[in-house]
Structure formats: structure tokens, C-alpha cells
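Trainee: Structure provided below as C-alpha cells; questions to follow.
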Amino acid sequence: MSTLEVLPQEVTNPVEPFLRTERIPHIWCPGCGIGTTVNSFARALLETRMDLDKVVVVSGIGCTGRVAGYVELDSFHTTHGRAIPFATGLKLANPSLTVVVYSGDGDLSAIGGNHLIHAARRNIDIKVICVNNFIYAMTGGQSGPTTPLTATTSTSPYGAYEPSFNLPQLADAAGAVYVARWTAFHVRQMTRSMSEVLKKKGFCFIETLSPCPTLYERRNKLGEGLDTMRHYKEKSKVRNGAPTSEVALGMRDDIIVGKFVDRERPDYSELLHHQMITQLGDKYVEAPACSCG
Amino acid sequence: MKNPTRQLQHADPAGVLTGTHFLDGDHACCEGALAAGARFAAGYPITPSTEVVERFALRIPKVGGTFIQMEDELAASITLLGAVWGGAKAFTVTSGPGFSLMMEHIGYAAMTETPCVFVNVQRGGPSTGLPTLPAQGDMMQARWGSHGDYEMIALCPNSPQECFDLTIHAFNLSERFRTPVMFMMDECVGHMTEKVVIPPADQIGIYPRRHAVRPPGEHLNFEPDEDLVPAMAHAGEGYRFHVTGLTHDERGYPAMNPETQDRLVRRLVNKIRMAAEELVQVEEEGIEGADVVVVSYGITSRVAQKAIELAREKGLKVGKLRLLTVWPFPAAKIRALARGIRAFVVPELNMGQIVNEVERAAGGAARTYGVPHAGGTVHRPEAILNVIEEAAR
Amino acid sequence: MAKGRVAIVAERCKGCGFCVEFCPTKVLALSSTYNSKGYHPPEIIALDKCSGCDLCGMYCPDFAIYGWKVTDEKPNKAVAAR
Ligand SMILES: Cc1ncc(C[n+]2csc(CCOP(=O)(O)OP(=O)(O)O)c2C)c(N)n1
Ligand code: SF4
Ligand code: SF4
Ligand code: SF4
Ligand SMILES: [Mg+2]
């Protein structure tokens with residue numbers, strides 16, 4: 001270690017104000033990419049100068065599901081797969097909130113897959129950040145809907161043979177207004193995408209690939225987290241606007257990253273409002289922000 | 001209901017359809033929810049409960065609030081919890097199969113102390129069972145259906161008027177104890193039409209949310225008041241709190257150790273057990289000097305009434321105890337009665353659920369007879385009468 | 001002449017090496033010392049090359065390192081914080 005010196009007062013890690021520092025060190029393993037994505041998220045909050053009292057993080061269950069516990073915001077660690085419907089209720093009850101769903105690939109696309117597509121279809125104004133480590137990490141590394149063909153996991157000991165989801169295509173087809181994919185290597189682009197969705201109305205979906213050295217990489221003899229980060233750097237091709245049908249992931253194929261979808265579509269609340277005004281005119285009473293008395 | 005910390009408030013007139021109406025139980029339940037201040041409902045259609053949310057969907061745009069039909073009951077049962085943390089009073093409505101799907105979130109609501117109401121218009125089961133016909137087979141599921149230890153509040157109306165009155169009570173209890181409340185109707189009560197009197201808003205008492213009084217930095221969402229119930233802040237108010245279904249400390253932070261588990265689970269259970277006397281509601285009639293007491297709830301209490309009358313015509317001394325609150329179980333009441341009578345008779349539209357509670361509470365001081373019924377219709381009064389006669393011997 | 005500085009919160013570090021790998025000017029290297037959790041935190045091997053770009057800070061999954069730009073022209077000493 002180098003010489004210790006008193007830090008200038010004005011210098012602190014810019015992400016600290018966004019974190020529950022009393023809960024750090026966090027539970028994530030050395031070389032896990034989830035923390036890097038949270039780092040980008042904190043920077044997106046900084047960049048966009050969001051009113052932090054109005055930003056809420058909702059997580060499901062899993063290693064990624066623990067994100068909610070580390071951000072210095074109102075935060076909800078819900079049940080496995082149900083972060084999106086919880087977030088839906090929260091947003092509809094208080095439209096002034098910016099609601100971010102932060103969860104894992106298994107949580108969002110397996111047990112919660114139905115909610116993902118329906119929230120996208122409705123265009124509920126929530127922002128989904130999906131950390132894809134190709135595996136159910138929290139429970140010990142089982143295969144899931146994102147596990148690439150031939151990958152070894154604890155429940156596919158002879159290699160996965162089920163076809164996997166192409167998550168951007170799924171979100172796109174279901175109606176998301178913003179769809180992007182980055183990896184934990186793409187910290188600047190990931191931060192920019194997170195900033196964009198914080199400011200964009202409607203259902204937004206960011207997939208971010210992340211190393212899980214403890215389970216996925218180790219079982220597949222892919223080395224440490226750092227090796228995966230190098231792999232991401234080497235194999236990623238940025239193709240903004242690429243048709244999402246062309247961005248499927250394979251075991252060691254090129255990784256197409258970029259912002260694939262950014263479009264306008266009236267969100268759930270606008271559609272509701274429009275329909276009610278059309279039908280009821282001035283008899284329509286808009287929901288109050290808080291009705292609890 | 002006695003209220004240790006807060007005064008009841010008047011209902012918001014926007015939701016109160018004051019007047020005399022002819023409504024079925026499902027519609028009356030919806031009006032009760034609106035009168036109670038519920039401005040958010042999430043549901044998924046299922047017979048015989050759907051009419052509740054159909055009416056809500058029709059009414060709420062003119063009252064001010066939200067109805068959303070979700071993709072399934074897994075979603076509906078947590079969407080409403082999100083809405084509560086966003087500041088709304090919220091409920092969901094379902095029946096058998098949907099109730100089964102909601103179990104995980106009933107536990108989540110209990111663990112996170114989220115005030116809300118789950119309405120179950122019971123139909124015949126198991127499985128898809130009898131979609132359009134009555135049963136009372138979910139009484140134990142309402143109590144124990146979610147995993148782990150918690151205490152439950154469940155109410156049973158026996159008329160459309162009570163569907164209105166007790167729905168308001170269900171919301172009040174959920175707010176008072178910061179806990180989910182099960183509103184256990186049945187197909188008969190849900191579909192029977194009777195006169196329902198809705199009083200003016202200023203004659204309806206509403207228990208307001210136990211909202212945080214201290215400012216951010218000084219308030220903890222899971223730090224209990226004297227009655228073991230904590231006050232809550234909503235999202236977006238600057239409290240920057242955390243909520244988790246994991247075992248948590250007073251801040252809401254995960255703390256997964258036996259000490260915190262013990263402290264938390266005991267409090268969740270005791271906040272309701274401690275107040276059992278205060279919150280249990282029963283209706284009794286002809287108990288004094290009775291040899292046999294018929295214990296019933298929901299639609300079965302109306303058939304039991306007939307059986308009791310037939311028995312009295314035969315000269316038997318029969319009392320009536322109707323449970324409006326089924327959970328927490330009025331065990332003290334049963335225990336006290338058991339000392340002075342010969343037997344309890346417990347007719348219910350299931351193969352024997354609440355009867356076991358009665359027997360347990362009676363503790364051998366009086367005999368207990370069940371009158372089981374698989375559901376699909378109500379008892380014949382004679383079937384209950386036969387058991388009353390046997391019990392009186 | 002360094003235009004930036006970098007600080008390391010050694011106790012938070014889990015030794016993943018992301019900061020070392022992705023520092024554009026190779027300012028850092030994993031040290032041979034251990035923190036109390038048994039990880040090797042990075043050390044500064046070429047401070048004069050630090051631009052203060054904070055890429056190391058962006059990559060760190062543990063919020064243990066960060067860089068910042070300095071305006072004064074004095075040569076900087078390495079900094080280890082808390
Ligand atoms: C209803 C239910 N089923 C199963 C589990 C067990 N479980 C916890 S996390 C998890 C998988 C999480 O995978 P993912 O969403 O990919 O998150 P990761 O841990 O990989 O970040 C499972 C199956 C649970 N908590 N609840
Ligand atoms: S198990 Fe995998 S995903 Fe979970 S914290 Fe460890 S490295 Fe990250
Ligand atoms: S601030 Fe930039 S140049 Fe300095 S150590 Fe960090 S990454 Fe390297
Ligand atoms: S990136 Fe962070 S955790 Fe990893 S070696 Fe550098 S300082 Fe340590
Ligand atoms: Mg995963």
C-alpha cells in the first residue's frame with residue numbers, strides 16, 4: 001500500500017450517497033458483476049439528478065434481488081418473480097414515483113416471465129434492469145431460461161439442451177419502448193442507458209450480462225470474473241438499432257450489445273386516462289396520489 | 001373497535017353510496033370496500049367472486065382510484081401490496097384456485113406488515129371443484145395457507161348487509177394491526193340479494209393508516225408502538241426505507257439470525273393474539289341455560305338458525321353462537337361456554353375444520369359434534385337438527 | 001505530470017482486478033498485501049499516469065476505489081483512504 005494521506009474533504013466516492021454504506025461490504029462474491037451494474041446505476045442517478053426521494057427500487061429474489069437492500073432509496077425486496085407486479089401497484093398508486101425493477105434473469109424471465117411480458121404489453125411506466133448471469137445463482141447455479149446451449153450447470157450436469165430466451169427480443173415483441181443490452185464491461189454505455197430510461201416514460205428493459213465466477217464460470221471452466229470481463233470486451237459488437245431477432249446469445253458466440261429499441265407509445269396511464277375521458281367526460285375522477293387518510 | 005392510538009375518522013363521502021339498496025353480497029362487499037376508502041383493487045376473474053371487481057371497475061373511475069386486472073392471481077396478490085406501499089388502501093378478490101395462488105403473498109403481507117384485505121368468495125373444492133356452488137372449505141387455508149408462523153384475522157359475513165359492514169371492519173382491522181385480513185365469504189352469501197342500508201359517510205368510522213409521525217431519520221418502519229404495531233411511511237416520502245420478506249430488524253434490514261427471528265415472529269403473532277379479546281366479534285342468542293350451543297359462521301349460520309328453531313319447538317334448550325370473527329378463533333368464549341353446557345354442534349360446509357378448533361377450546365368440558373358437508377349446497381336443517389338431538393341426549 | 005488521483009478503500013476491496021485491468025494507463029497493480037478479509041487490494045504503481053478518469057471507480061463492484069481530476073499542478077502522492 002502506498003503512503004496514507006488525508007483525503008481532501010471535497011473528495012468522496014461519487015457513488016456513496018446512493019448506497020447504504022452501513023451495509024457494505026455486500027454479499028456478492030469477488031469478481032461478481034452485480035456490484036459493477038449497481039455502480040453504473042448510482043452514476044446514472046447522479047447524472048440525471050433525479051429526486052432521490054422519488055426513486056424506488058423493487059427487486060425479486062436472487063443474488064441480483066439483493067440490490068434493493070444496498071441502495072439508499074425506498075427499496076423493496078419482494079418475492080421470487082413478482083417484482084414487476086409489485087412495481088406496477090406502486091407506480092399506479094403513486095404516479096410521481098420513478099420505479100426501477102432490478103432483478104435477475106431467472107427471477108424476471110422464468111418465474112416472473114408472465115409479468116414481464118404483460119407489463120411490457122401494458123406499457124407500465126417502470127424501468128427493468130435485468131442482470132443476466134445465465135444461471136440461478138442464489139440457489140447454487142441451476143440452469144434457467146437464459147442458460148446457453150451446452151452450458152454445464154448443477155441441474156444440467158451433461159450440458160444444457162433447452163433453447164434459451166433472447167430477452168431483448170422477448171421484451172421488444174411484448175411492447176417495451178426501450179430495449180438495450182450491455183455487459184458489466186460496458187460501464188459507460190450501461191450508465192448512459194440507465195440514465196436514458198430514468199428519463200423515459202413507459203416500459204423500459206435493459207439486459208446486462210454479468211459474470212458469476214462462483215457458479216457459472218467455475219462450472220464451465222471459464223476462469224475468474226476478470227476472464228469473463230475480458231471475454232465480454234473481446235466478443236462484444238456494438239450494434240445500436242439491431243433487430244432484436246438478431247441478438248440471440250450462444251455459449252461463446254459474439255455478443256451483440258447496444259440500444260436496440262427506443263420508441264414512443266402511450267403508456268398505461270395515458271391510455272387509461274384517454275379512454276376514461278372519452279367515455280365519462282367530466283364524470284371521470286382521476287386517482288388521487290394518496291388515498292390512505 | 002377500541003383504538004389505542006388514533007381516533008376513527010369519517011369515511012370519504014366520495015366512496016359512500018348512502019341509501020337503501022338491493023344488492024347481492026359481492027356487490028355489497030365492493031361498496032363496503034369503497035366506503036372503507038379502498039381506492040385500488042387488483043384482481044383476476046374467478047367465479048363466484050368476479051362481481052366484486054366488476055362493480056369496482058365500473059365505480060372507481062367516478063370515485064377516483066384504480067382497478068387493474070392482472071395476468072394471474074400471483075400478480076394480483078402482490079400488485080395490491082405495491083399499491084399499499086404507494087399510499088393506497090387496496091384489496092383483491094378471488095375464490096378457491098386463485099386463493100391457493102395467493103398464499104405466498106399473504107405471507108409476504110404478514111411479514112412486511114402491509115395492511116390490506118383479501119376477499120375469498122368460497123366455492124366447492126378441492127381443485128377446480130364447484131365453480132358456481134358454495135363451500136366453506138378454505139377456512140384452514142385462510143389461517144395456515146402461507147408457510148411459516150403468523151397470526152391471522154378472518155371475518156365471515158352471513159348476509160349482503162354484513163358483506164358491506166364487515167368489509168369496512170376488515171379494512172379497519174388491517175389498518176389497526178398492519179396486517180392482511182381475510183374476508184371469507186361463500187358463493188351463497190356472495191350471490192344472495194337482500195336489502196343493504198348504507199349509512200351516510202359521517203356515520204361510518206374509518207381507522208386511518210398508522211402513518212409515520214416522526215420525520216425521516218427518526219422513524220423506523222418496523223419499530224413497534226406499545227401495542228406491538230409499527231407505524232409506516234410510504235414510498236416517495238423521503239424516508240428511504242427498506243422492506244423485505246427476509247427476517248428483518250426494526251429498520252427493515254435483513255438480519256438473519258435466531259434472535260431477530262424470535263423477536264420478529266413473536267411480535268407478528270402477539271400483536272394480534274394480545275388483542276384477540278378486543279377484535280373477536282360473535283353473535284350469541286339463547287345461550288343462557290342452553291344444553292347445546294350451535295356454533296356456525298357464514299351462510300351455514302342461516303341454516304343453523306332454522307335447525308335451532310326446530311329443536312326449540314321440540315323443547316330442546318339450544319343456544320346460538322355465530323362467529324363473525326373466525327380468526328383469531330374465539331377460544332376464550334368457547335372455553336367459558338363449555339363449562340355450562342353439554343355439547344357444541346358445529347355445522348360447516350367442509351368435512352370438519354372449525355369443529356376441531358371448538359373441540360380444542362372446549363378442552364373436554366363439553367362434547368363437540370361436527371356436522372360435515374362437502375359443499376355444493378347448504379345443509380338441510382334436519383341434518384343439523386338430528387345432530388342437535390343426538391348432542392342433547 | 002499526473003492530472004488525476006486515485007483513492008482506495010482497502011478494506012472494501014475483494015481483489016477482483018477489474019480496476020487494474022481496465023485502467024487505461026495502467027496506474028494500478030494488485031498488491032501483495034492482504035486486507036483483513038484476505039484479499040489483495042490494488043496499489044498504485046504509476047501515479048504520474050493517472051488522468052483521474054475514474055474508470056477504475058466505475059468498474060469496481062465493491063465501491064472500493066475511485067479517481068478524480070486535480071487542478072493544481074503539484075505532483076501528487078498516492079492516497080489510501082479509510
Ligand atoms: C417461490 C420461490 N421459488 C424458488 C425460490 C428459490 N430461489 C431463490 S433465488 C432463485 C433464482 C434466482 O435466479 P436469478 O433471478 O437469475 O438471480 P441470480 O441469483 O442469478 O442473480 C430461486 C430459484 C424462491 N425464493 N421462491
Ligand atoms: S454466486 Fe454468482 S451471482 Fe451470486 S454473488 Fe456470487 S458471483 Fe455473484
Ligand atoms: S482514475 Fe483512471 S487513470 Fe487513474 S487509476 Fe483510475 S482508471 Fe486509472
Ligand atoms: S475493482 Fe474494486 S474490488 Fe476489484 S480489485 Fe479493484 S478495488 Fe478491489
Ligand atoms: Mg441469474
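Following the order of the C-alpha cells, chains are lettered A, B, ..., residues in each are numbered from 1, and ligands are numbered from 1.
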Would you name the residues within 7 Å of ligand 5, counting only C-alpha atoms and all ligand atoms, and put them as a PyMOL selection string?
Mentor: chain A and resi 104-106+131-137
Trainee: Selection from above, all heavy atoms, as a PDB file, in the first residue's frame, can you write it?
Mentor:
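Once written, selection-v6.pdb looks like this:
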```
ATOM      1  N   GLY A 104     -32.807 -10.522 -11.327  1.00  0.00           N
ATOM      2  CA  GLY A 104     -32.022 -11.475 -12.102  1.00  0.00           C
ATOM      3  C   GLY A 104     -32.773 -12.057 -13.288  1.00  0.00           C
ATOM      4  O   GLY A 104     -33.994 -11.899 -13.423  1.00  0.00           O
ATOM      5  N   ASP A 105     -32.027 -12.747 -14.144  1.00  0.00           N
ATOM      6  CA  ASP A 105     -32.610 -13.347 -15.341  1.00  0.00           C
ATOM      7  C   ASP A 105     -33.643 -14.419 -15.002  1.00  0.00           C
ATOM      8  O   ASP A 105     -34.699 -14.502 -15.625  1.00  0.00           O
ATOM      9  CB  ASP A 105     -31.499 -13.942 -16.216  1.00  0.00           C
ATOM     10  CG  ASP A 105     -30.559 -14.859 -15.437  1.00  0.00           C
ATOM     11  OD1 ASP A 105     -30.109 -14.445 -14.355  1.00  0.00           O
ATOM     12  OD2 ASP A 105     -30.287 -15.982 -15.892  1.00  0.00           O
ATOM     13  N   GLY A 106     -33.357 -15.217 -13.983  1.00  0.00           N
ATOM     14  CA  GLY A 106     -34.305 -16.268 -13.623  1.00  0.00           C
ATOM     15  C   GLY A 106     -35.556 -15.663 -13.025  1.00  0.00           C
ATOM     16  O   GLY A 106     -36.687 -16.021 -13.388  1.00  0.00           O
ATOM     17  N   VAL A 131     -30.171  -8.342 -14.639  1.00  0.00           N
ATOM     18  CA  VAL A 131     -28.783  -8.821 -14.629  1.00  0.00           C
ATOM     19  C   VAL A 131     -28.800 -10.294 -15.038  1.00  0.00           C
ATOM     20  O   VAL A 131     -29.327 -11.146 -14.327  1.00  0.00           O
ATOM     21  CB  VAL A 131     -28.144  -8.638 -13.240  1.00  0.00           C
ATOM     22  CG1 VAL A 131     -26.737  -9.238 -13.223  1.00  0.00           C
ATOM     23  CG2 VAL A 131     -28.097  -7.157 -12.871  1.00  0.00           C
ATOM     24  N   ASN A 132     -28.221 -10.545 -16.210  1.00  0.00           N
ATOM     25  CA  ASN A 132     -28.232 -11.908 -16.751  1.00  0.00           C
ATOM     26  C   ASN A 132     -26.866 -12.547 -16.537  1.00  0.00           C
ATOM     27  O   ASN A 132     -25.891 -12.180 -17.177  1.00  0.00           O
ATOM     28  CB  ASN A 132     -28.590 -11.859 -18.241  1.00  0.00           C
ATOM     29  CG  ASN A 132     -28.655 -13.252 -18.851  1.00  0.00           C
ATOM     30  OD1 ASN A 132     -28.434 -14.256 -18.156  1.00  0.00           O
ATOM     31  ND2 ASN A 132     -28.949 -13.319 -20.136  1.00  0.00           N
ATOM     32  N   ASN A 133     -26.841 -13.507 -15.619  1.00  0.00           N
ATOM     33  CA  ASN A 133     -25.608 -14.287 -15.415  1.00  0.00           C
ATOM     34  C   ASN A 133     -25.804 -15.720 -15.908  1.00  0.00           C
ATOM     35  O   ASN A 133     -25.061 -16.615 -15.544  1.00  0.00           O
ATOM     36  CB  ASN A 133     -25.172 -14.241 -13.945  1.00  0.00           C
ATOM     37  CG  ASN A 133     -26.324 -14.541 -13.000  1.00  0.00           C
ATOM     38  OD1 ASN A 133     -27.324 -15.135 -13.400  1.00  0.00           O
ATOM     39  ND2 ASN A 133     -26.193 -14.135 -11.748  1.00  0.00           N
ATOM     40  N   PHE A 134     -26.833 -15.925 -16.701  1.00  0.00           N
ATOM     41  CA  PHE A 134     -27.103 -17.200 -17.392  1.00  0.00           C
ATOM     42  C   PHE A 134     -27.476 -18.330 -16.447  1.00  0.00           C
ATOM     43  O   PHE A 134     -27.441 -19.500 -16.831  1.00  0.00           O
ATOM     44  CB  PHE A 134     -25.900 -17.632 -18.242  1.00  0.00           C
ATOM     45  CG  PHE A 134     -25.469 -16.580 -19.216  1.00  0.00           C
ATOM     46  CD1 PHE A 134     -24.324 -15.824 -18.986  1.00  0.00           C
ATOM     47  CD2 PHE A 134     -26.226 -16.329 -20.353  1.00  0.00           C
ATOM     48  CE1 PHE A 134     -23.945 -14.839 -19.886  1.00  0.00           C
ATOM     49  CE2 PHE A 134     -25.848 -15.338 -21.255  1.00  0.00           C
ATOM     50  CZ  PHE A 134     -24.710 -14.596 -21.021  1.00  0.00           C
ATOM     51  N   ILE A 135     -27.849 -17.978 -15.216  1.00  0.00           N
ATOM     52  CA  ILE A 135     -27.938 -19.029 -14.215  1.00  0.00           C
ATOM     53  C   ILE A 135     -28.808 -18.573 -13.039  1.00  0.00           C
ATOM     54  O   ILE A 135     -29.019 -17.392 -12.845  1.00  0.00           O
ATOM     55  CB  ILE A 135     -26.485 -19.342 -13.742  1.00  0.00           C
ATOM     56  CG1 ILE A 135     -26.351 -20.774 -13.293  1.00  0.00           C
ATOM     57  CG2 ILE A 135     -26.035 -18.388 -12.657  1.00  0.00           C
ATOM     58  CD1 ILE A 135     -24.923 -21.218 -13.290  1.00  0.00           C
ATOM     59  N   TYR A 136     -29.333 -19.529 -12.296  1.00  0.00           N
ATOM     60  CA  TYR A 136     -29.915 -19.237 -10.989  1.00  0.00           C
ATOM     61  C   TYR A 136     -28.753 -19.250 -10.002  1.00  0.00           C
ATOM     62  O   TYR A 136     -28.344 -20.322  -9.537  1.00  0.00           O
ATOM     63  CB  TYR A 136     -30.886 -20.333 -10.573  1.00  0.00           C
ATOM     64  CG  TYR A 136     -32.207 -20.400 -11.315  1.00  0.00           C
ATOM     65  CD1 TYR A 136     -32.762 -21.622 -11.669  1.00  0.00           C
ATOM     66  CD2 TYR A 136     -32.933 -19.253 -11.603  1.00  0.00           C
ATOM     67  CE1 TYR A 136     -33.998 -21.703 -12.310  1.00  0.00           C
ATOM     68  CE2 TYR A 136     -34.162 -19.326 -12.249  1.00  0.00           C
ATOM     69  CZ  TYR A 136     -34.683 -20.548 -12.598  1.00  0.00           C
ATOM     70  OH  TYR A 136     -35.891 -20.628 -13.227  1.00  0.00           O
ATOM     71  N   ALA A 137     -28.251 -18.109  -9.677  1.00  0.00           N
ATOM     72  CA  ALA A 137     -27.050 -18.085  -8.857  1.00  0.00           C
ATOM     73  C   ALA A 137     -27.357 -18.327  -7.380  1.00  0.00           C
ATOM     74  O   ALA A 137     -26.758 -19.189  -6.738  1.00  0.00           O
ATOM     75  CB  ALA A 137     -26.316 -16.768  -9.052  1.00  0.00           C
TER      76      ALA A 137
END
```
Trainee: If you run DSSP on the backbone, which residues of chain C are alpha helix (DSSP H), as a list in words?
Mentor: Phe18, Cys19, Val20, Glu21, Phe22, Leu55, Cys56, Gly57, Met58 and Tyr59 of chain C
Trainee: Can I get the selected residues back with C-alpha atoms, as a tab-separated table (two decimals), in the first residue's frame?
Mentor:
```tsv
chain	number	residue	atom	x	y	z
C	18	PHE	CA	-11.25	-5.12	-12.64
C	19	CYS	CA	-9.71	-1.75	-11.81
C	20	VAL	CA	-6.22	-2.93	-12.60
C	21	GLU	CA	-7.25	-4.44	-15.92
C	22	PHE	CA	-9.36	-1.58	-17.20
C	55	LEU	CA	-12.87	4.28	-14.90
C	56	CYS	CA	-11.44	2.20	-12.06
C	57	GLY	CA	-14.23	3.58	-9.90
C	58	MET	CA	-16.87	2.71	-12.45
C	59	TYR	CA	-15.70	-0.88	-12.74
```
Trainee: Go through the chains and note each residue within 8 Å of ligand 4, using only C-alpha atoms and all ligand atoms, then give the set as a list in words.
Mentor: Pro30 and Gly31 of chain A; Ile8, Val9, Ala10, Arg12, Cys13, Lys14, Gly15, Cys16, Gly17, Phe18, Cys19, Val20, Leu30, His40, Pro41, Pro42, Cys56, Gly57, Tyr59, Cys60, Pro61, Asp62, Phe63, Ala64 and Ile65 of chain C
Trainee: Can you spit out the residues from that selection as a compact mmCIF listing (two decimals), in the first residue's frame, using N, CA and C atoms?
Mentor:
```txt
# COMPACT_ATOMS: atom_id res chain seq x y z
N PRO A 30 -16.27 -12.06 -4.86
CA PRO A 30 -15.22 -11.37 -5.62
C PRO A 30 -15.38 -11.68 -7.11
N GLY A 31 -15.36 -10.63 -7.91
CA GLY A 31 -15.45 -10.84 -9.36
C GLY A 31 -16.87 -10.95 -9.87
N ILE C 8 -8.11 4.40 -2.66
CA ILE C 8 -8.53 3.02 -2.48
C ILE C 8 -9.01 2.81 -1.05
N VAL C 9 -10.18 2.25 -0.91
CA VAL C 9 -10.66 1.87 0.42
C VAL C 9 -10.34 0.38 0.57
N ALA C 10 -9.17 0.13 1.07
CA ALA C 10 -8.61 -1.23 1.01
C ALA C 10 -9.52 -2.26 1.65
N ARG C 12 -12.65 -2.52 1.73
CA ARG C 12 -13.82 -2.92 0.95
C ARG C 12 -13.46 -3.81 -0.23
N CYS C 13 -12.20 -3.82 -0.59
CA CYS C 13 -11.78 -4.46 -1.83
C CYS C 13 -11.86 -5.99 -1.73
N LYS C 14 -12.30 -6.62 -2.82
CA LYS C 14 -12.31 -8.08 -2.87
C LYS C 14 -11.32 -8.62 -3.89
N GLY C 15 -10.43 -7.76 -4.37
CA GLY C 15 -9.31 -8.23 -5.19
C GLY C 15 -9.68 -8.77 -6.56
N CYS C 16 -10.76 -8.30 -7.14
CA CYS C 16 -11.20 -8.87 -8.42
C CYS C 16 -10.31 -8.50 -9.58
N GLY C 17 -9.61 -7.38 -9.45
CA GLY C 17 -8.68 -6.97 -10.50
C GLY C 17 -9.31 -6.17 -11.63
N PHE C 18 -10.60 -5.89 -11.55
CA PHE C 18 -11.25 -5.12 -12.64
C PHE C 18 -10.56 -3.77 -12.83
N CYS C 19 -10.28 -3.09 -11.71
CA CYS C 19 -9.71 -1.75 -11.81
C CYS C 19 -8.33 -1.79 -12.45
N VAL C 20 -7.58 -2.80 -12.07
CA VAL C 20 -6.22 -2.93 -12.60
C VAL C 20 -6.28 -3.15 -14.11
N LEU C 30 -2.37 -5.21 -8.57
CA LEU C 30 -2.77 -5.83 -7.31
C LEU C 30 -1.54 -5.95 -6.43
N HIS C 40 -6.28 -9.17 -1.86
CA HIS C 40 -5.19 -8.27 -2.24
C HIS C 40 -5.76 -7.01 -2.87
N PRO C 41 -5.74 -5.90 -2.18
CA PRO C 41 -6.23 -4.67 -2.81
C PRO C 41 -5.21 -4.14 -3.82
N PRO C 42 -5.64 -3.30 -4.72
CA PRO C 42 -4.68 -2.74 -5.68
C PRO C 42 -3.76 -1.73 -5.03
N CYS C 56 -11.63 3.20 -13.12
CA CYS C 56 -11.44 2.20 -12.06
C CYS C 56 -12.64 2.22 -11.13
N GLY C 57 -13.08 3.42 -10.79
CA GLY C 57 -14.23 3.58 -9.90
C GLY C 57 -15.50 3.03 -10.50
N TYR C 59 -15.73 0.58 -12.64
CA TYR C 59 -15.70 -0.88 -12.74
C TYR C 59 -15.81 -1.57 -11.39
N CYS C 60 -15.42 -0.89 -10.34
CA CYS C 60 -15.31 -1.59 -9.06
C CYS C 60 -16.67 -2.08 -8.56
N PRO C 61 -16.85 -3.39 -8.40
CA PRO C 61 -18.13 -3.91 -7.91
C PRO C 61 -18.32 -3.66 -6.42
N ASP C 62 -17.26 -3.23 -5.75
CA ASP C 62 -17.33 -3.08 -4.30
C ASP C 62 -17.21 -1.63 -3.83
N PHE C 63 -17.24 -0.72 -4.77
CA PHE C 63 -17.21 0.72 -4.43
C PHE C 63 -15.96 1.05 -3.60
N ALA C 64 -14.86 0.38 -3.93
CA ALA C 64 -13.67 0.46 -3.09
C ALA C 64 -12.60 1.39 -3.67
N ILE C 65 -12.80 1.87 -4.86
CA ILE C 65 -11.74 2.69 -5.47
C ILE C 65 -12.40 3.80 -6.28
```
Trainee: Looking at only C-alpha atoms and all ligand atoms, which of B:Thr325, B:Ser146, B:Asn356, B:Ser127 is the one that sits closest to ligand 1?
Mentor: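 Of all the options, B:Ser146 lies closest to ligand 1.
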Trainee: Please identify all polymer residues within 10 Å of A:Thr79, counting only C-alpha atoms, omitting same-chain residues fewer than 3 positions from it, and present them as a PyMOL selection string.
Mentor: (chain A and resi 59-62+65+76+82-83+86+107+112) or (chain B and resi 78+104-105+108+244-246)
